[in-house]
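Structure file start_26.txt (compact mmCIF, N, CA and C atoms) is printed below.
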# COMPACT_ATOMS: atom_id res chain seq x y z
N MET A 21 -17.35 21.50 16.14
CA MET A 21 -16.88 22.03 14.89
C MET A 21 -15.40 22.40 14.97
N LYS A 22 -15.01 23.02 16.10
CA LYS A 22 -13.61 23.39 16.26
C LYS A 22 -12.72 22.14 16.26
N ARG A 23 -13.19 21.10 16.90
CA ARG A 23 -12.41 19.87 16.96
C ARG A 23 -12.21 19.31 15.56
N GLY A 24 -13.23 19.36 14.74
CA GLY A 24 -13.13 18.87 13.36
C GLY A 24 -12.14 19.68 12.55
N LEU A 25 -12.15 20.98 12.73
CA LEU A 25 -11.19 21.84 12.03
C LEU A 25 -9.76 21.57 12.48
N ILE A 26 -9.59 21.40 13.76
CA ILE A 26 -8.26 21.13 14.30
C ILE A 26 -7.75 19.79 13.79
N LEU A 27 -8.60 18.77 13.83
CA LEU A 27 -8.20 17.45 13.33
C LEU A 27 -7.90 17.48 11.83
N SER A 28 -8.70 18.23 11.08
CA SER A 28 -8.46 18.35 9.64
C SER A 28 -7.14 19.05 9.38
N ALA A 29 -6.87 20.12 10.11
CA ALA A 29 -5.61 20.84 9.94
C ALA A 29 -4.43 19.94 10.28
N PHE A 30 -4.57 19.18 11.35
CA PHE A 30 -3.52 18.25 11.74
C PHE A 30 -3.30 17.19 10.66
N ALA A 31 -4.36 16.66 10.13
CA ALA A 31 -4.26 15.63 9.08
C ALA A 31 -3.59 16.18 7.83
N VAL A 32 -3.93 17.40 7.45
CA VAL A 32 -3.30 18.03 6.28
C VAL A 32 -1.82 18.25 6.54
N PHE A 33 -1.49 18.73 7.71
CA PHE A 33 -0.10 18.96 8.08
C PHE A 33 0.71 17.66 8.04
N ALA A 34 0.15 16.60 8.61
CA ALA A 34 0.82 15.30 8.62
C ALA A 34 1.00 14.78 7.19
N PHE A 35 0.00 14.95 6.37
CA PHE A 35 0.08 14.53 4.97
C PHE A 35 1.19 15.28 4.24
N ILE A 36 1.30 16.57 4.48
CA ILE A 36 2.34 17.38 3.83
C ILE A 36 3.72 16.89 4.26
N LEU A 37 3.89 16.58 5.53
CA LEU A 37 5.18 16.08 6.00
C LEU A 37 5.54 14.76 5.33
N VAL A 38 4.58 13.88 5.21
CA VAL A 38 4.83 12.58 4.59
C VAL A 38 5.17 12.75 3.11
N VAL A 39 4.40 13.54 2.40
CA VAL A 39 4.65 13.77 0.98
C VAL A 39 5.98 14.46 0.77
N ASP A 40 6.27 15.48 1.56
CA ASP A 40 7.53 16.21 1.42
C ASP A 40 8.72 15.28 1.63
N GLY A 41 8.65 14.42 2.62
CA GLY A 41 9.74 13.48 2.88
C GLY A 41 9.94 12.50 1.75
N SER A 42 8.87 12.06 1.13
CA SER A 42 9.01 11.09 0.05
C SER A 42 9.44 11.76 -1.25
N LEU A 43 9.17 13.03 -1.43
CA LEU A 43 9.56 13.72 -2.64
C LEU A 43 11.02 14.15 -2.63
N GLN A 44 11.60 14.30 -1.45
CA GLN A 44 12.98 14.76 -1.38
C GLN A 44 13.94 13.72 -1.93
N GLY A 45 13.58 12.48 -1.87
CA GLY A 45 14.39 11.43 -2.47
C GLY A 45 15.78 11.39 -1.89
N GLY A 46 16.79 11.30 -2.78
CA GLY A 46 18.17 11.22 -2.32
C GLY A 46 18.52 9.78 -2.02
N ASP A 47 19.81 9.56 -1.88
CA ASP A 47 20.27 8.23 -1.54
C ASP A 47 19.88 7.94 -0.10
N LYS A 48 19.63 6.70 0.15
CA LYS A 48 19.25 6.29 1.50
C LYS A 48 20.30 5.33 2.03
N GLY A 49 20.58 5.44 3.31
CA GLY A 49 21.49 4.52 3.97
C GLY A 49 20.77 3.24 4.31
N LYS A 50 21.46 2.36 5.00
CA LYS A 50 20.91 1.05 5.36
C LYS A 50 19.63 1.17 6.16
N ASP A 51 19.56 2.15 7.04
CA ASP A 51 18.40 2.31 7.91
C ASP A 51 17.30 3.14 7.27
N GLY A 52 17.46 3.51 6.00
CA GLY A 52 16.45 4.28 5.31
C GLY A 52 16.58 5.78 5.49
N ASP A 53 17.59 6.22 6.23
CA ASP A 53 17.81 7.65 6.41
C ASP A 53 18.30 8.25 5.09
N LYS A 54 17.86 9.48 4.84
CA LYS A 54 18.40 10.19 3.69
C LYS A 54 19.86 10.49 4.00
N VAL A 55 20.74 10.26 3.04
CA VAL A 55 22.15 10.48 3.27
C VAL A 55 22.43 11.98 3.20
N THR A 56 22.72 12.55 4.36
CA THR A 56 23.10 13.94 4.48
C THR A 56 24.47 13.98 5.13
N ILE A 57 25.08 15.14 5.13
CA ILE A 57 26.39 15.27 5.78
C ILE A 57 26.27 14.87 7.24
N LYS A 58 25.22 15.31 7.89
CA LYS A 58 25.02 15.01 9.31
C LYS A 58 24.89 13.50 9.54
N VAL A 59 24.16 12.82 8.69
CA VAL A 59 23.98 11.36 8.83
C VAL A 59 25.32 10.65 8.62
N VAL A 60 26.10 11.08 7.62
CA VAL A 60 27.40 10.45 7.36
C VAL A 60 28.33 10.66 8.54
N MET A 61 28.38 11.87 9.06
CA MET A 61 29.26 12.14 10.20
C MET A 61 28.85 11.30 11.41
N LYS A 62 27.56 11.18 11.63
CA LYS A 62 27.06 10.42 12.79
C LYS A 62 27.36 8.93 12.65
N LYS A 63 27.07 8.37 11.49
CA LYS A 63 27.21 6.92 11.31
C LYS A 63 28.64 6.50 10.97
N ALA A 64 29.27 7.20 10.04
CA ALA A 64 30.57 6.76 9.54
C ALA A 64 31.73 7.22 10.42
N MET A 65 31.69 8.47 10.80
CA MET A 65 32.85 9.02 11.51
C MET A 65 32.70 8.89 13.04
N VAL A 66 31.71 9.53 13.61
CA VAL A 66 31.51 9.47 15.06
C VAL A 66 31.11 8.05 15.48
N GLY A 67 30.29 7.41 14.67
CA GLY A 67 29.83 6.05 14.97
C GLY A 67 30.90 4.99 14.83
N GLY A 68 32.02 5.32 14.20
CA GLY A 68 33.15 4.40 14.10
C GLY A 68 33.15 3.44 12.93
N LEU A 69 32.18 3.55 12.03
CA LEU A 69 32.14 2.63 10.89
C LEU A 69 33.37 2.79 10.00
N CYS A 70 33.79 4.01 9.76
CA CYS A 70 34.96 4.26 8.92
C CYS A 70 36.21 3.65 9.55
N LYS A 71 36.37 3.84 10.84
CA LYS A 71 37.53 3.30 11.56
C LYS A 71 37.52 1.77 11.53
N LYS A 72 36.34 1.19 11.65
CA LYS A 72 36.20 -0.27 11.62
C LYS A 72 36.59 -0.83 10.25
N VAL A 73 36.13 -0.17 9.18
CA VAL A 73 36.47 -0.61 7.83
C VAL A 73 37.97 -0.43 7.59
N ALA A 74 38.50 0.72 7.99
CA ALA A 74 39.94 1.00 7.81
C ALA A 74 40.80 0.01 8.57
N GLY A 75 40.31 -0.44 9.71
CA GLY A 75 41.05 -1.40 10.52
C GLY A 75 40.93 -2.84 10.04
N GLY A 76 40.05 -3.07 9.08
CA GLY A 76 39.89 -4.41 8.52
C GLY A 76 38.99 -5.33 9.31
N SER A 77 38.27 -4.81 10.31
CA SER A 77 37.42 -5.68 11.12
C SER A 77 35.94 -5.58 10.76
N ALA A 78 35.62 -4.87 9.68
CA ALA A 78 34.23 -4.71 9.26
C ALA A 78 33.78 -5.86 8.37
N SER A 79 32.50 -6.16 8.44
CA SER A 79 31.92 -7.18 7.55
C SER A 79 31.73 -6.58 6.15
N LYS A 80 31.40 -7.43 5.20
CA LYS A 80 31.12 -6.95 3.83
C LYS A 80 29.93 -6.00 3.83
N GLU A 81 28.94 -6.28 4.67
CA GLU A 81 27.75 -5.43 4.75
C GLU A 81 28.12 -4.05 5.29
N GLU A 82 28.98 -4.02 6.30
CA GLU A 82 29.41 -2.74 6.88
C GLU A 82 30.24 -1.95 5.88
N GLN A 83 31.09 -2.63 5.14
CA GLN A 83 31.88 -1.95 4.11
C GLN A 83 30.96 -1.38 3.03
N ALA A 84 29.95 -2.14 2.63
CA ALA A 84 28.99 -1.67 1.63
C ALA A 84 28.21 -0.46 2.14
N GLU A 85 27.85 -0.49 3.43
CA GLU A 85 27.15 0.64 4.03
C GLU A 85 28.02 1.90 4.02
N LEU A 86 29.31 1.73 4.32
CA LEU A 86 30.23 2.87 4.30
C LEU A 86 30.35 3.44 2.89
N VAL A 87 30.45 2.57 1.90
CA VAL A 87 30.52 3.03 0.51
C VAL A 87 29.26 3.82 0.17
N LYS A 88 28.11 3.30 0.53
CA LYS A 88 26.83 3.99 0.25
C LYS A 88 26.78 5.35 0.94
N LEU A 89 27.23 5.42 2.18
CA LEU A 89 27.25 6.69 2.90
C LEU A 89 28.18 7.69 2.22
N PHE A 90 29.37 7.24 1.86
CA PHE A 90 30.33 8.14 1.22
C PHE A 90 29.87 8.56 -0.18
N GLU A 91 29.20 7.66 -0.90
CA GLU A 91 28.65 8.04 -2.21
C GLU A 91 27.57 9.11 -2.04
N GLY A 92 26.76 8.97 -1.01
CA GLY A 92 25.75 9.99 -0.71
C GLY A 92 26.39 11.30 -0.31
N LEU A 93 27.46 11.23 0.47
CA LEU A 93 28.19 12.43 0.88
C LEU A 93 28.74 13.18 -0.33
N ALA A 94 29.25 12.42 -1.30
CA ALA A 94 29.81 13.04 -2.50
C ALA A 94 28.75 13.80 -3.30
N LYS A 95 27.49 13.40 -3.16
CA LYS A 95 26.40 14.08 -3.88
C LYS A 95 25.89 15.31 -3.14
N CYS A 96 26.28 15.46 -1.89
CA CYS A 96 25.86 16.63 -1.11
C CYS A 96 26.63 17.87 -1.56
N GLU A 97 26.01 19.00 -1.33
CA GLU A 97 26.67 20.27 -1.62
C GLU A 97 27.47 20.67 -0.39
N PRO A 98 28.73 21.12 -0.57
CA PRO A 98 29.52 21.51 0.60
C PRO A 98 28.92 22.73 1.29
N PRO A 99 28.88 22.74 2.62
CA PRO A 99 28.33 23.89 3.34
C PRO A 99 29.09 25.17 3.04
N LYS A 100 30.40 25.05 2.82
CA LYS A 100 31.21 26.21 2.42
C LYS A 100 32.43 25.67 1.69
N GLY A 101 33.15 26.54 1.06
CA GLY A 101 34.38 26.14 0.38
C GLY A 101 34.16 25.79 -1.08
N ASP A 102 35.23 25.37 -1.71
CA ASP A 102 35.29 25.08 -3.13
C ASP A 102 34.65 23.73 -3.46
N ALA A 103 33.76 23.72 -4.43
CA ALA A 103 33.08 22.49 -4.83
C ALA A 103 34.06 21.47 -5.41
N ALA A 104 35.09 21.94 -6.10
CA ALA A 104 36.09 21.03 -6.68
C ALA A 104 36.86 20.31 -5.58
N SER A 105 37.18 21.02 -4.51
CA SER A 105 37.88 20.42 -3.37
C SER A 105 36.99 19.39 -2.69
N TRP A 106 35.70 19.72 -2.55
CA TRP A 106 34.73 18.79 -1.96
C TRP A 106 34.67 17.50 -2.78
N LYS A 107 34.60 17.67 -4.09
CA LYS A 107 34.53 16.51 -4.98
C LYS A 107 35.78 15.64 -4.85
N GLU A 108 36.93 16.27 -4.81
CA GLU A 108 38.20 15.55 -4.68
C GLU A 108 38.26 14.76 -3.37
N LYS A 109 37.88 15.41 -2.29
CA LYS A 109 37.94 14.76 -0.98
C LYS A 109 36.92 13.62 -0.85
N THR A 110 35.71 13.85 -1.31
CA THR A 110 34.68 12.81 -1.18
C THR A 110 34.95 11.64 -2.13
N GLU A 111 35.48 11.92 -3.31
CA GLU A 111 35.82 10.83 -4.23
C GLU A 111 36.93 9.96 -3.67
N ALA A 112 37.88 10.58 -2.96
CA ALA A 112 38.94 9.81 -2.32
C ALA A 112 38.37 8.88 -1.25
N LEU A 113 37.37 9.37 -0.52
CA LEU A 113 36.71 8.54 0.50
C LEU A 113 36.00 7.35 -0.16
N VAL A 114 35.26 7.63 -1.23
CA VAL A 114 34.52 6.57 -1.92
C VAL A 114 35.48 5.53 -2.48
N LYS A 115 36.53 5.98 -3.14
CA LYS A 115 37.49 5.07 -3.77
C LYS A 115 38.15 4.17 -2.72
N ALA A 116 38.59 4.77 -1.61
CA ALA A 116 39.25 3.99 -0.56
C ALA A 116 38.28 3.01 0.10
N ALA A 117 37.05 3.44 0.33
CA ALA A 117 36.05 2.56 0.95
C ALA A 117 35.70 1.39 0.03
N LYS A 118 35.55 1.67 -1.26
CA LYS A 118 35.24 0.58 -2.21
C LYS A 118 36.36 -0.44 -2.27
N ALA A 119 37.61 0.06 -2.24
CA ALA A 119 38.76 -0.83 -2.33
C ALA A 119 39.03 -1.56 -1.02
N GLY A 120 38.47 -1.03 0.06
CA GLY A 120 38.76 -1.62 1.37
C GLY A 120 40.20 -1.37 1.78
N ASP A 121 40.80 -0.32 1.23
CA ASP A 121 42.18 0.04 1.49
C ASP A 121 42.26 0.86 2.77
N GLY A 122 42.66 0.21 3.85
CA GLY A 122 42.68 0.83 5.17
C GLY A 122 43.56 2.07 5.25
N GLU A 123 44.75 1.99 4.69
CA GLU A 123 45.67 3.14 4.75
C GLU A 123 45.13 4.32 3.95
N ALA A 124 44.62 4.06 2.76
CA ALA A 124 44.06 5.14 1.94
C ALA A 124 42.82 5.72 2.61
N LEU A 125 42.04 4.88 3.27
CA LEU A 125 40.83 5.34 3.95
C LEU A 125 41.20 6.22 5.14
N LYS A 126 42.21 5.82 5.91
CA LYS A 126 42.66 6.64 7.03
C LYS A 126 43.14 8.01 6.55
N LYS A 127 43.85 8.02 5.44
CA LYS A 127 44.36 9.28 4.89
C LYS A 127 43.22 10.15 4.36
N ALA A 128 42.28 9.54 3.66
CA ALA A 128 41.16 10.29 3.07
C ALA A 128 40.20 10.79 4.14
N ALA A 129 40.11 10.10 5.26
CA ALA A 129 39.17 10.46 6.32
C ALA A 129 39.79 11.43 7.32
N ASN A 130 40.66 12.30 6.85
CA ASN A 130 41.31 13.31 7.68
C ASN A 130 40.29 14.39 8.02
N CYS A 131 39.77 14.32 9.22
CA CYS A 131 38.70 15.25 9.64
C CYS A 131 39.12 16.71 9.53
N ALA A 132 40.30 17.04 10.02
CA ALA A 132 40.74 18.43 10.06
C ALA A 132 40.86 19.03 8.65
N ALA A 133 41.34 18.24 7.71
CA ALA A 133 41.50 18.75 6.35
C ALA A 133 40.17 19.12 5.72
N CYS A 134 39.18 18.28 5.93
CA CYS A 134 37.86 18.55 5.34
C CYS A 134 37.11 19.63 6.13
N HIS A 135 37.12 19.53 7.44
CA HIS A 135 36.39 20.49 8.27
C HIS A 135 36.95 21.90 8.14
N GLY A 136 38.27 22.01 8.04
CA GLY A 136 38.89 23.32 7.91
C GLY A 136 38.42 24.07 6.68
N GLU A 137 38.17 23.34 5.62
CA GLU A 137 37.77 23.97 4.37
C GLU A 137 36.27 24.00 4.13
N HIS A 138 35.55 23.00 4.63
CA HIS A 138 34.14 22.85 4.24
C HIS A 138 33.10 22.93 5.35
N LYS A 139 33.49 22.83 6.60
CA LYS A 139 32.49 22.83 7.67
C LYS A 139 31.99 24.23 7.93
N GLY A 140 30.70 24.36 8.09
CA GLY A 140 30.11 25.65 8.39
C GLY A 140 29.17 26.09 7.29
N LYS A 141 28.67 27.26 7.42
CA LYS A 141 27.71 27.80 6.44
C LYS A 141 28.45 28.60 5.38
N LYS A 142 27.88 28.60 4.16
CA LYS A 142 28.44 29.41 3.08
C LYS A 142 28.29 30.88 3.44
N LYS A 143 29.26 31.63 3.01
CA LYS A 143 29.21 33.08 3.27
C LYS A 143 28.61 33.81 2.10
Would it be possible to restate this file's structure as structure tokens?
Amino acid sequence: MKRGLILSAFAVFAFILVVDGSLQGGDKGKDGDKVTIKVVMKKAMVGGLCKKVAGGSASKEEQAELVKLFEGLAKCEPPKGDAASWKEKTEALVKAAKAGDGEALKKAANCAACHGEHKGKKK
């Protein structure tokens, strides 16, 4: 009987996780990940996709993936700082990525400018 209760509890818990994940929605990247700030930083910035697109050596698919990531980033709420500043910075990233403009992308992808104002938790 205990085993049945434990298995039932586990099944309910697993079901809740699956349903919760599917209800959260949001934009998805190429790999199906929900586009969050953490995902964008990992794939676009640390992963080098942004640098590759800015350098002109990215494929059309990679450029499209970067645009999708930056569009998802623009929909995220900034962890701290002014929402208008967040919108301005993320829109610049999206615009430069869509245009494939390497110089504009390098300028818009200024880590220190964004992190100084927006990285961290809201107070």
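Considering only C-alpha atoms, the residue among A:Ala133, A:Gly122, A:Cys96, A:Leu86 positioned nearest to Lys62 in chain A is A:Leu86.
For Lys139 in chain A, the set of protein, DNA and RNA residues having any atom at most 12 Å away, when counting only C-alpha atoms and skipping those fewer than 6 positions along the same chain, is A:Ile57, A:Lys58, A:Met61, A:Glu97, A:Pro98, A:Pro99, A:Lys100, A:Gly101, A:Asp102, A:Trp106, A:Cys131, A:Ala132, A:Ala133.
The closest residue to Val55 in chain A, picked from A:Glu82, A:Leu93, A:Cys70, A:Gly76 and counting all atoms listed in the file, is A:Leu93.
Here atom C of Glu81 in chain A stands at a distance of 28.3 Å from atom C of Ala103 in chain A.
For the atom pair formed by atom N of Lys63 in chain A and CA of Leu89 in chain A, the distance is 8.8 Å, given to one decimal.
Taking CA of Ser105 in chain A and CA of Gly68 in chain A as endpoints, the distance between them is 24.2 Å.
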Would you list the residues near (38.0, 9.7, 10.7), meaning any protein, DNA or RNA residue with an atom at most 9 Å from that point in file coordinates, counting only C-alpha atoms, as an mmCIF file with N, CA and C atoms, in the coordinates of the input?
data_model
loop_
_atom_site.group_PDB
_atom_site.id
_atom_site.type_symbol
_atom_site.label_atom_id
_atom_site.label_comp_id
_atom_site.auth_asym_id
_atom_site.auth_seq_id
_atom_site.Cartn_x
_atom_site.Cartn_y
_atom_site.Cartn_z
ATOM 1 N N ALA A 64 29.270 7.200 10.040
ATOM 2 C CA ALA A 64 30.570 6.760 9.540
ATOM 3 C C ALA A 64 31.730 7.220 10.420
ATOM 4 N N MET A 65 31.690 8.470 10.800
ATOM 5 C CA MET A 65 32.850 9.020 11.510
ATOM 6 C C MET A 65 32.700 8.890 13.040
ATOM 7 N N VAL A 66 31.710 9.530 13.610
ATOM 8 C CA VAL A 66 31.510 9.470 15.060
ATOM 9 C C VAL A 66 31.110 8.050 15.480
ATOM 10 N N GLY A 68 32.020 5.320 14.200
ATOM 11 C CA GLY A 68 33.150 4.400 14.100
ATOM 12 C C GLY A 68 33.150 3.440 12.930
ATOM 13 N N CYS A 70 33.790 4.010 9.760
ATOM 14 C CA CYS A 70 34.960 4.260 8.920
ATOM 15 C C CYS A 70 36.210 3.650 9.550
ATOM 16 N N LYS A 71 36.370 3.840 10.840
ATOM 17 C CA LYS A 71 37.530 3.300 11.560
ATOM 18 C C LYS A 71 37.520 1.770 11.530
ATOM 19 N N LEU A 125 42.040 4.880 3.270
ATOM 20 C CA LEU A 125 40.830 5.340 3.950
ATOM 21 C C LEU A 125 41.200 6.220 5.140
ATOM 22 N N LYS A 126 42.210 5.820 5.910
ATOM 23 C CA LYS A 126 42.660 6.640 7.030
ATOM 24 C C LYS A 126 43.140 8.010 6.550
ATOM 25 N N LYS A 127 43.850 8.020 5.440
ATOM 26 C CA LYS A 127 44.360 9.280 4.890
ATOM 27 C C LYS A 127 43.220 10.150 4.360
ATOM 28 N N ALA A 128 42.280 9.540 3.660
ATOM 29 C CA ALA A 128 41.160 10.290 3.070
ATOM 30 C C ALA A 128 40.200 10.790 4.140
ATOM 31 N N ALA A 129 40.110 10.100 5.260
ATOM 32 C CA ALA A 129 39.170 10.460 6.320
ATOM 33 C C ALA A 129 39.790 11.430 7.320
ATOM 34 N N ASN A 130 40.660 12.300 6.850
ATOM 35 C CA ASN A 130 41.310 13.310 7.680
ATOM 36 C C ASN A 130 40.290 14.390 8.020
ATOM 37 N N CYS A 131 39.770 14.320 9.220
ATOM 38 C CA CYS A 131 38.700 15.250 9.640
ATOM 39 C C CYS A 131 39.120 16.710 9.530
#
Could you write out as lines of an AutoDock Vina configuration file the box around range 88-106 of chain A (axis-aligned, all atoms listed in the file, 6 Å on each side), with centre and edge lengths in Å to one decimal?
center_x = 31.8
center_y = 14.9
center_z = -1.7
size_x = 24.1
size_y = 35.2
size_z = 22.0
Picked from range 36-135 of chain A by DSSP as alpha helix (DSSP H), as a PyMOL selection string
chain A and resi 36-44+57-60+69-74+80-95+103-119+122-128+131-135
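For the residues A:Ala117, A:Ala104, A:Ala124, A:Met21, ranking by smallest atom-to-atom distance to Glu85 in chain A using only C-alpha atoms places A:Ala117 first.
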